[in-house]
file final_30.txt (compact mmCIF, C-alpha atoms and all ligand atoms)
# COMPACT_ATOMS: atom_id res chain seq x y z
CA MET V 62 -46.08 43.99 53.61
CA THR V 63 -49.39 42.20 53.04
CA LEU V 64 -49.42 38.42 53.07
CA LEU V 65 -51.91 37.35 50.41
CA ASN V 66 -53.32 34.46 52.38
CA GLY V 67 -55.02 32.17 49.88
CA LYS V 68 -55.78 29.56 52.50
CA GLU V 69 -57.72 32.00 54.67
CA LEU V 70 -59.44 33.64 51.70
CA SER V 71 -60.52 30.31 50.25
CA GLN V 72 -62.10 29.44 53.61
CA THR V 73 -64.05 32.72 53.54
CA ILE V 74 -65.26 32.04 49.99
CA ALA V 75 -66.12 28.44 50.96
CA SER V 76 -68.42 29.75 53.73
CA GLU V 77 -70.11 32.13 51.27
CA ILE V 78 -70.67 29.32 48.75
CA ALA V 79 -71.91 26.91 51.43
CA GLU V 80 -74.51 29.51 52.39
CA GLU V 81 -75.57 29.92 48.77
CA VAL V 82 -75.82 26.14 48.27
CA ASN V 83 -77.94 25.95 51.39
CA GLN V 84 -80.35 28.51 49.98
CA LEU V 85 -80.49 26.67 46.64
CA THR V 86 -81.28 23.31 48.23
CA GLU V 87 -83.86 24.91 50.53
CA ALA V 88 -85.49 26.30 47.39
CA GLY V 89 -85.83 22.70 46.14
CA HIS V 90 -82.81 22.42 43.83
CA ARG V 91 -80.41 19.50 43.98
CA PRO V 92 -76.89 20.51 45.08
CA PRO V 93 -74.28 21.35 42.42
CA HIS V 94 -72.41 18.23 41.32
CA LEU V 95 -68.75 17.93 40.25
CA ALA V 96 -67.06 14.77 39.00
CA ALA V 97 -63.34 14.06 38.72
CA LEU V 98 -61.71 11.41 36.57
CA LEU V 99 -58.42 10.18 37.99
CA ILE V 100 -56.31 7.82 35.91
CA GLY V 101 -53.39 5.89 37.37
CA ASP V 102 -51.88 6.36 40.80
CA ASN V 103 -49.65 9.42 40.62
CA PRO V 104 -49.51 10.51 44.32
CA ALA V 105 -49.58 14.25 43.48
CA SER V 106 -52.63 13.84 41.23
CA ARG V 107 -54.33 11.74 43.89
CA SER V 108 -53.69 14.44 46.47
CA TYR V 109 -54.95 17.27 44.17
CA VAL V 110 -58.14 15.36 43.37
CA GLY V 111 -58.58 14.53 47.07
CA ASN V 112 -58.46 18.24 47.91
CA LYS V 113 -61.09 19.01 45.27
CA ILE V 114 -63.44 16.33 46.57
CA LYS V 115 -62.93 17.47 50.18
CA LEU V 116 -63.78 21.04 49.25
CA CYS V 117 -66.94 19.87 47.45
CA GLU V 118 -68.07 18.24 50.67
CA LYS V 119 -67.26 21.36 52.67
CA VAL V 120 -69.43 23.63 50.51
CA GLY V 121 -72.30 21.13 50.22
CA PHE V 122 -71.70 20.02 46.61
CA ARG V 123 -72.20 16.46 45.49
CA SER V 124 -69.01 14.94 44.14
CA THR V 125 -68.13 11.80 42.21
CA LEU V 126 -64.63 10.40 41.94
CA ILE V 127 -64.04 8.03 39.03
CA GLN V 128 -60.76 6.14 39.38
CA LYS V 129 -59.32 4.09 36.53
CA PRO V 130 -56.08 2.12 36.21
CA GLU V 131 -53.02 3.45 34.35
CA ASP V 132 -53.54 1.00 31.46
CA ILE V 133 -57.06 2.15 30.56
CA SER V 134 -57.37 2.67 26.79
CA GLU V 135 -57.95 6.06 25.19
CA LEU V 136 -61.22 4.78 23.75
CA GLU V 137 -62.47 3.79 27.19
CA VAL V 138 -61.61 7.25 28.53
CA LEU V 139 -63.51 8.85 25.64
CA ASP V 140 -66.52 6.65 26.47
CA ILE V 141 -66.44 7.80 30.10
CA ILE V 142 -66.29 11.41 28.93
CA GLN V 143 -69.32 10.90 26.68
CA ASP V 144 -71.26 9.50 29.65
CA LEU V 145 -70.27 12.47 31.80
CA ASN V 146 -71.19 14.91 29.01
CA ASN V 147 -74.65 13.31 28.79
CA ASP V 148 -75.32 13.09 32.53
CA ASP V 149 -78.03 15.66 33.36
CA GLU V 150 -77.36 15.27 37.08
CA LEU V 151 -73.79 16.49 36.64
CA ASP V 152 -72.85 20.17 36.27
CA GLY V 153 -69.15 19.89 35.54
CA PHE V 154 -66.21 17.52 35.54
CA ILE V 155 -62.46 17.49 35.34
CA VAL V 156 -59.93 15.04 33.97
CA GLN V 157 -56.93 15.23 36.27
CA LEU V 158 -53.69 15.86 34.38
CA PRO V 159 -51.12 14.57 33.58
CA LEU V 160 -52.52 11.58 31.71
CA PRO V 161 -50.56 8.39 30.94
CA ARG V 162 -48.38 8.72 27.83
CA HIS V 163 -50.54 6.47 25.64
CA ILE V 164 -53.51 8.83 26.05
CA ASP V 165 -53.59 11.99 23.95
CA ALA V 166 -54.49 14.77 26.41
CA ASP V 167 -55.54 17.16 23.63
CA LYS V 168 -57.98 14.60 22.25
CA ILE V 169 -59.44 14.07 25.72
CA LEU V 170 -59.81 17.79 26.46
CA LEU V 171 -61.51 18.34 23.10
CA ALA V 172 -64.05 15.62 23.91
CA ILE V 173 -65.27 17.43 27.03
CA ASP V 174 -68.51 19.37 26.56
CA PRO V 175 -67.38 23.03 26.90
CA GLN V 176 -70.49 23.67 29.06
CA LYS V 177 -69.15 21.17 31.59
CA ASP V 178 -65.47 22.10 31.23
CA VAL V 179 -65.08 23.64 34.69
CA ASP V 180 -61.27 23.45 34.40
CA GLY V 181 -61.58 25.92 31.52
CA PHE V 182 -59.11 24.04 29.31
CA HIS V 183 -61.32 23.44 26.25
CA PRO V 184 -60.29 25.59 23.23
CA GLN V 185 -63.81 27.00 23.13
CA ASN V 186 -63.46 28.33 26.68
CA ILE V 187 -59.93 29.63 25.98
CA GLY V 188 -61.24 31.36 22.84
CA ARG V 189 -64.18 32.90 24.69
CA MET V 190 -61.83 34.05 27.46
CA THR V 191 -59.58 35.72 24.88
CA LEU V 192 -62.55 37.53 23.36
CA GLY V 193 -63.84 38.62 26.77
CA LEU V 194 -67.01 36.51 26.43
CA PRO V 195 -68.59 34.58 29.33
CA CYS V 196 -66.57 31.38 29.87
CA TYR V 197 -65.07 29.10 32.46
CA LYS V 198 -61.71 30.62 33.26
CA PRO V 199 -58.83 28.19 33.88
CA ALA V 200 -58.67 27.45 37.60
CA THR V 201 -55.22 28.78 38.58
CA PRO V 202 -55.51 32.13 36.71
CA TYR V 203 -59.06 32.53 38.02
CA GLY V 204 -57.81 31.85 41.56
CA ILE V 205 -55.17 34.57 41.08
CA LEU V 206 -57.82 37.04 39.86
CA MET V 207 -59.96 36.35 42.93
CA LEU V 208 -56.94 36.85 45.18
CA LEU V 209 -56.08 40.21 43.56
CA GLU V 210 -59.72 41.32 43.70
CA ARG V 211 -60.43 40.35 47.29
CA TYR V 212 -57.21 41.99 48.50
CA GLY V 213 -58.00 45.09 46.43
CA ILE V 214 -54.71 45.03 44.50
CA GLU V 215 -54.78 47.75 41.83
CA THR V 216 -54.12 46.36 38.35
CA SER V 217 -55.22 49.17 36.01
CA GLY V 218 -52.23 50.68 34.19
CA LYS V 219 -49.82 48.55 36.22
CA HIS V 220 -46.96 46.67 34.62
CA CYS V 221 -47.44 42.98 35.19
CA VAL V 222 -44.59 40.61 34.37
CA VAL V 223 -45.54 36.95 33.99
CA LEU V 224 -42.79 34.31 34.13
CA GLY V 225 -43.76 31.15 32.24
CA ARG V 226 -46.07 30.66 29.26
CA SER V 227 -47.83 27.38 30.03
CA HIS V 228 -51.36 26.86 28.68
CA ILE V 229 -52.73 26.43 32.18
CA VAL V 230 -51.13 29.42 33.97
CA GLY V 231 -48.77 31.86 32.23
CA THR V 232 -50.57 32.36 28.92
CA PRO V 233 -54.15 32.62 30.29
CA ILE V 234 -53.25 34.93 33.20
CA SER V 235 -51.48 37.22 30.70
CA ILE V 236 -54.64 37.39 28.62
CA LEU V 237 -56.92 37.91 31.62
CA LEU V 238 -54.86 40.71 33.16
CA SER V 239 -54.62 42.58 29.89
CA ARG V 240 -58.40 42.42 29.31
CA ARG V 241 -60.61 45.41 29.91
CA GLY V 242 -62.01 45.79 33.45
CA TYR V 243 -60.96 44.81 36.94
CA PRO V 244 -58.84 42.87 37.71
CA GLY V 245 -57.29 43.70 34.34
CA ASP V 246 -56.33 46.76 32.30
CA ALA V 247 -52.71 45.93 33.12
CA THR V 248 -49.79 46.24 30.71
CA VAL V 249 -48.54 42.68 30.56
CA THR V 250 -45.14 41.30 29.62
CA LEU V 251 -45.10 37.53 29.15
CA THR V 252 -41.63 36.07 29.65
CA HIS V 253 -40.34 32.54 29.09
CA SER V 254 -37.21 30.42 28.81
CA LYS V 255 -35.96 32.33 25.73
CA THR V 256 -36.47 35.81 27.21
CA LYS V 257 -33.33 37.95 27.37
CA GLY V 258 -32.64 40.33 30.26
CA LEU V 259 -35.31 38.80 32.47
CA GLU V 260 -34.03 40.33 35.71
CA ASP V 261 -34.22 43.88 34.29
CA ILE V 262 -37.73 43.24 32.99
CA VAL V 263 -38.85 42.00 36.41
CA ARG V 264 -37.31 45.13 37.99
CA THR V 265 -39.91 47.24 36.14
CA ALA V 266 -42.86 45.16 37.37
CA ASP V 267 -45.60 46.39 39.68
CA ILE V 268 -47.01 42.86 39.70
CA VAL V 269 -44.91 39.71 39.26
CA ILE V 270 -46.55 36.37 38.50
CA ALA V 271 -44.02 33.56 38.75
CA ALA V 272 -45.13 30.28 37.12
CA LEU V 273 -42.02 28.58 35.80
CA GLY V 274 -41.47 25.67 38.18
CA ILE V 275 -37.93 26.52 39.37
CA SER V 276 -37.37 26.64 43.14
CA GLU V 277 -36.83 30.15 44.58
CA PHE V 278 -35.81 31.52 41.16
CA VAL V 279 -36.97 35.13 41.62
CA LYS V 280 -34.60 37.07 43.91
CA LYS V 281 -34.97 40.04 46.20
CA ASP V 282 -32.79 42.39 44.11
CA TRP V 283 -35.04 41.91 41.03
CA ILE V 284 -38.03 43.36 42.84
CA LYS V 285 -39.25 46.95 42.71
CA PRO V 286 -40.03 48.03 46.30
CA GLY V 287 -43.74 47.68 47.01
CA ALA V 288 -44.45 45.30 44.10
CA CYS V 289 -47.13 42.61 44.39
CA ILE V 290 -45.75 39.07 44.03
CA ILE V 291 -47.90 36.11 43.04
CA ASP V 292 -45.95 32.88 43.40
CA VAL V 293 -47.58 30.01 41.54
CA GLY V 294 -44.71 27.55 41.78
CA ILE V 295 -44.91 24.38 43.84
CA ASN V 296 -41.49 22.74 44.12
CA LYS V 297 -39.95 20.23 46.47
CA LYS V 298 -36.81 21.32 48.32
CA ASP V 299 -34.71 18.89 50.33
CA ASP V 300 -35.18 19.49 54.03
CA PRO V 301 -33.80 16.79 56.38
CA SER V 302 -35.56 18.48 59.32
CA LYS V 303 -38.92 17.37 57.85
CA LYS V 304 -40.24 13.85 58.35
CA ARG V 305 -40.82 13.42 54.60
CA GLY V 306 -37.34 14.83 53.79
CA TYR V 307 -38.49 17.89 51.87
CA ARG V 308 -40.62 21.01 52.08
CA LEU V 309 -42.58 22.89 49.46
CA VAL V 310 -41.20 26.15 48.09
CA GLY V 311 -42.38 28.47 45.35
CA ASP V 312 -40.66 30.01 42.32
CA VAL V 313 -39.85 33.06 44.45
CA ASP V 314 -37.23 33.34 47.18
CA PHE V 315 -39.87 34.19 49.79
CA GLU V 316 -37.50 35.09 52.59
CA GLY V 317 -35.63 37.73 50.56
CA VAL V 318 -38.44 38.99 48.33
CA SER V 319 -40.91 39.48 51.20
CA GLN V 320 -38.51 42.10 52.62
CA VAL V 321 -39.12 44.44 49.67
CA ALA V 322 -42.51 43.41 48.27
CA GLY V 323 -45.71 45.28 49.09
CA ALA V 324 -47.73 42.07 48.97
CA ILE V 325 -46.81 38.43 48.43
CA THR V 326 -48.41 34.98 48.35
CA PRO V 327 -46.85 32.27 50.54
CA VAL V 328 -46.13 28.73 49.30
CA PRO V 329 -47.95 26.70 50.43
CA GLY V 330 -51.15 28.56 51.33
CA GLY V 331 -51.27 31.15 48.54
CA VAL V 332 -52.30 30.34 44.98
CA GLY V 333 -52.83 26.59 45.60
CA PRO V 334 -56.00 26.83 47.73
CA MET V 335 -57.37 29.53 45.42
CA THR V 336 -56.96 27.19 42.43
CA VAL V 337 -59.16 24.56 44.06
CA MET V 338 -61.66 27.25 45.03
CA ALA V 339 -61.82 28.53 41.43
CA LEU V 340 -62.94 25.07 40.32
CA ILE V 341 -65.75 25.19 42.88
CA VAL V 342 -66.81 28.68 41.71
CA ASN V 343 -66.86 27.46 38.09
CA THR V 344 -68.97 24.45 39.07
CA LEU V 345 -71.45 26.70 40.87
CA GLN V 346 -71.60 28.85 37.74
CA ALA V 347 -72.25 25.72 35.62
CA PHE V 348 -75.01 24.67 38.00
CA LYS V 349 -76.66 28.09 37.83
CA ILE V 350 -76.53 28.15 34.03
CA SER V 351 -78.11 24.70 33.70
CA LYS V 352 -80.64 24.85 36.56
CA THR V 353 -81.66 28.39 37.24
CA ASN V 354 -80.57 30.27 34.10
CA THR V 355 -78.92 33.02 36.11
P1 LIG V 401 -44.73 24.46 32.90
O1 LIG V 401 -43.89 23.61 33.78
O2 LIG V 401 -45.65 23.82 31.92
O3 LIG V 401 -43.83 25.46 32.08
C1 LIG V 401 -42.85 26.26 32.64
C2 LIG V 401 -42.78 27.56 31.89
O4 LIG V 401 -41.72 28.32 32.46
C3 LIG V 401 -42.48 27.42 30.40
O5 LIG V 401 -43.41 28.22 29.69
C4 LIG V 401 -41.07 27.99 30.24
O6 LIG V 401 -40.89 28.73 29.04
C5 LIG V 401 -40.98 28.92 31.43
N1 LIG V 401 -39.59 29.11 31.86
C6 LIG V 401 -38.64 28.18 32.07
N2 LIG V 401 -37.49 28.75 32.43
C7 LIG V 401 -37.72 30.08 32.46
C8 LIG V 401 -36.94 31.19 32.75
N3 LIG V 401 -35.66 31.05 33.08
N4 LIG V 401 -37.51 32.42 32.72
C9 LIG V 401 -38.80 32.57 32.39
N5 LIG V 401 -39.62 31.54 32.10
C10 LIG V 401 -39.07 30.31 32.11
O7 LIG V 401 -45.52 25.52 33.81
P2 LIG V 401 -46.80 25.35 34.74
O8 LIG V 401 -47.52 24.06 34.48
O9 LIG V 401 -47.50 26.64 34.62
O10 LIG V 401 -46.16 25.22 36.21
C11 LIG V 401 -45.30 26.20 36.76
C12 LIG V 401 -45.20 26.00 38.25
O11 LIG V 401 -46.46 26.28 38.82
C13 LIG V 401 -44.85 24.59 38.69
O12 LIG V 401 -44.05 24.67 39.87
C14 LIG V 401 -46.19 23.97 39.02
O13 LIG V 401 -46.08 22.93 39.98
C15 LIG V 401 -46.90 25.17 39.59
N6 LIG V 401 -48.37 25.14 39.49
C16 LIG V 401 -49.04 25.49 40.61
C17 LIG V 401 -50.41 25.57 40.60
C18 LIG V 401 -51.14 25.98 41.82
O14 LIG V 401 -52.32 25.75 41.95
N7 LIG V 401 -50.47 26.65 42.76
C19 LIG V 401 -51.12 25.25 39.42
C20 LIG V 401 -50.40 24.92 38.28
C21 LIG V 401 -49.00 24.89 38.32
call {"tool": "encode", "arguments": {"input": "final_30.txt", "output": "structure tokens", "more": "lines below"}}
Ligand code: NAD
result
Amino acid sequence: MTLLNGKELSQTIASEIAEEVNQLTEAGHRPPHLAALLIGDNPASRSYVGNKIKLCEKVGFRSTLIQKPEDISELEVLDIIQDLNNDDELDGFIVQLPLPRHIDADKILLAIDPQKDVDGFHPQNIGRMTLGLPCYKPATPYGILMLLERYGIETSGKHCVVLGRSHIVGTPISILLSRRGYPGDATVTLTHSKTKGLEDIVRTADIVIAALGISEFVKKDWIKPGACIIDVGINKKDDPSKKRGYRLVGDVDFEGVSQVAGAITPVPGGVGPMTVMALIVNTLQAFKISKTNT
């Protein structure tokens, strides 16, 4: 069984990018620059943004964190986005989700310049991705593709079963894995809360991508021996032995499933670090497009 170690792999990719940034700055370019807009004080959002900023520092990017209170108006957010769109010294930016209820997330995402949309959420980027045109791929699916590629997991002709159809994970990874090329050329089944006979469908999978947000949902006896398991879920499970009273678990019962799988991502340390890395790779791509036209 191969442990698909996203933490280790993201460190390897970080070293490669740091080296590239070094060469770019030595050649007289400014470093790539990512900004993040964080609204309110949701602890999970704060921690996700913190990880993104930390990784920017590690690879030699410039980063800017813009923090605004929960009660900021939608109009003010749109103004900030316009400023970021027009900032020539900025390659890409993200608006950390979720947003407060009084702010329409769709409206905000639509206001982002698609050229700076390094989260890959703008409809223009989603459309380009669907058509197989150059685009910023959404971070989590892109992180999964990098993981499959770097570990040399075969995808061509394989049956890939995706659990969950969210706009940020399930739907885009289904599109990406069914596209022509590698990693892709898979036969993809996208399942969701209304799917019937889910367990039997998963039993036919060579690759399982679990992104439904239910703790340890996928069980050992659903898994074809040797299958590759990508666990996207991040869920809290009560654990009195931990100081904070819980531990993080995925959407897959790791203990059982790892006994039959051929390869599996751990939680934490699998897809999570690759998601942050994908954002960095997209920002580097944005920098190259705007500064060096490569
Ligand atoms: P979501 O919460 O928006 O939606 C869940 C999806 O699961 C829905 O499409 C629903 O139809 C589907 N679903 C619910 N019950 C199901 C069932 N019984 N069988 C099949 N499908 C079912 O999804 P999301 O935002 O993609 O998040 C999913 C999980 O992934 C969460 O735990 C989230 O925290 C985690 N996540 C992790 C990362 C990362 O970087 N590792 C990134 C994004 C999300």
call {"tool": "residues_near_ligand", "arguments": {"input": "final_30.txt", "ligand": "ligand LIG 401 (chain V)", "cutoff": "8 Å", "atoms": "only C-alpha atoms and all ligand atoms", "output": "ChimeraX atom specification"}}
result
/V:200-201,224-231,252-256,259,271-276,292-296,311-312,331-337
call {"tool": "residues_around", "arguments": {"input": "final_30.txt", "residues": "Ile350 of chain V", "least_positions_apart": "5", "cutoff": "10 Å", "atoms": "all atoms listed in the file", "output": "list of chain:residue names"}}
result
V:Asp152, V:Gln176, V:Thr344, V:Leu345, V:Thr355
call {"tool": "atom_distance", "arguments": {"input": "final_30.txt", "atom1": "atom CA of Leu171 of chain V", "atom2": "atom CA of Met190 of chain V"}}
result
16.3 Å
call {"tool": "residues_around", "arguments": {"input": "final_30.txt", "residues": "Ile214 of chain V", "least_positions_apart": "3", "cutoff": "9 Å", "atoms": "all atoms listed in the file", "output": "PyMOL selection string"}}
result
chain V and resi 208-211+244+289+324
call {"tool": "closest_residue", "arguments": {"input": "final_30.txt", "among": "V:Glu69, V:Gly193, V:Phe154, V:Ile100", "to": "Lys113 of chain V", "atoms": "all atoms listed in the file"}}
result
V:Phe154
call {"tool": "atom_distance", "arguments": {"input": "final_30.txt", "atom1": "atom CA of Pro195 of chain V", "atom2": "atom CA of Asp174 of chain V"}}
result
15.5 Å
call {"tool": "axis_aligned_box", "arguments": {"input": "final_30.txt", "around": "segment 333-343 of chain V", "padding_each_side": "4 Å", "output": "AutoDock Vina command-line options"}}
result
--center_x -59.8 --center_y 27.0 --center_z 42.9 --size_x 22.0 --size_y 13.0 --size_z 17.6
call {"tool": "closest_residue", "arguments": {"input": "final_30.txt", "among": "V:Pro233, V:Gly121, V:Gly188, V:Gly101", "to": "Leu158 of chain V", "atoms": "all atoms listed in the file"}}
result
V:Gly101
call {"tool": "residues_around", "arguments": {"input": "final_30.txt", "residues": "segment 74-89 of chain V", "least_positions_apart": "6", "cutoff": "9 Å", "atoms": "all atoms listed in the file", "output": "number ranges by chain"}}
result
V: 116, 119-122, 338, 341-342, 345
call {"tool": "residues_around", "arguments": {"input": "final_30.txt", "residues": "Asp261 of chain V", "least_positions_apart": "6", "cutoff": "12 Å", "atoms": "only C-alpha atoms", "output": "list in words"}}
result
Val222, Thr252, Val279, Lys280, Asp282, Trp283, Ile284 and Lys285 of chain V
call {"tool": "closest_residue", "arguments": {"input": "final_30.txt", "among": "V:Cys196, V:Leu237, V:Ile142, V:Leu99", "to": "Lys129 of chain V", "atoms": "only C-alpha atoms"}}
result
V:Leu99
call {"tool": "residues_near_point", "arguments": {"input": "final_30.txt", "point": "(-71.0, 14.0, 24.4)", "cutoff": "8 Å", "atoms": "only C-alpha atoms", "output": "mmCIF file with C-alpha atoms, keeping the file's coordinate frame"}}
result
data_model
loop_
_atom_site.group_PDB
_atom_site.id
_atom_site.type_symbol
_atom_site.label_atom_id
_atom_site.label_comp_id
_atom_site.auth_asym_id
_atom_site.auth_seq_id
_atom_site.Cartn_x
_atom_site.Cartn_y
_atom_site.Cartn_z
ATOM 1 C CA ILE V 142 -66.290 11.410 28.930
ATOM 2 C CA GLN V 143 -69.320 10.900 26.680
ATOM 3 C CA ASP V 144 -71.260 9.500 29.650
ATOM 4 C CA LEU V 145 -70.270 12.470 31.800
ATOM 5 C CA ASN V 146 -71.190 14.910 29.010
ATOM 6 C CA ASN V 147 -74.650 13.310 28.790
ATOM 7 C CA ALA V 172 -64.050 15.620 23.910
ATOM 8 C CA ILE V 173 -65.270 17.430 27.030
ATOM 9 C CA ASP V 174 -68.510 19.370 26.560
#
call {"tool": "atom_distance", "arguments": {"input": "final_30.txt", "atom1": "atom CA of Asp140 of chain V", "atom2": "atom CA of His183 of chain V"}}
result
17.6 Å
call {"tool": "closest_residue", "arguments": {"input": "final_30.txt", "among": "V:Arg264, V:Lys115, V:Lys219, V:Arg308", "to": "Asp246 of chain V", "atoms": "only C-alpha atoms"}}
result
V:Lys219
call {"tool": "residues_near_point", "arguments": {"input": "final_30.txt", "point": "(-52.3, 39.7, 52.3)", "cutoff": "9 Å", "atoms": "all atoms listed in the file", "output": "list in words"}}
result
Met62, Thr63, Leu64, Leu65, Asn66, Gly67, Leu208, Tyr212, Ala324, Ile325 and Thr326 of chain V
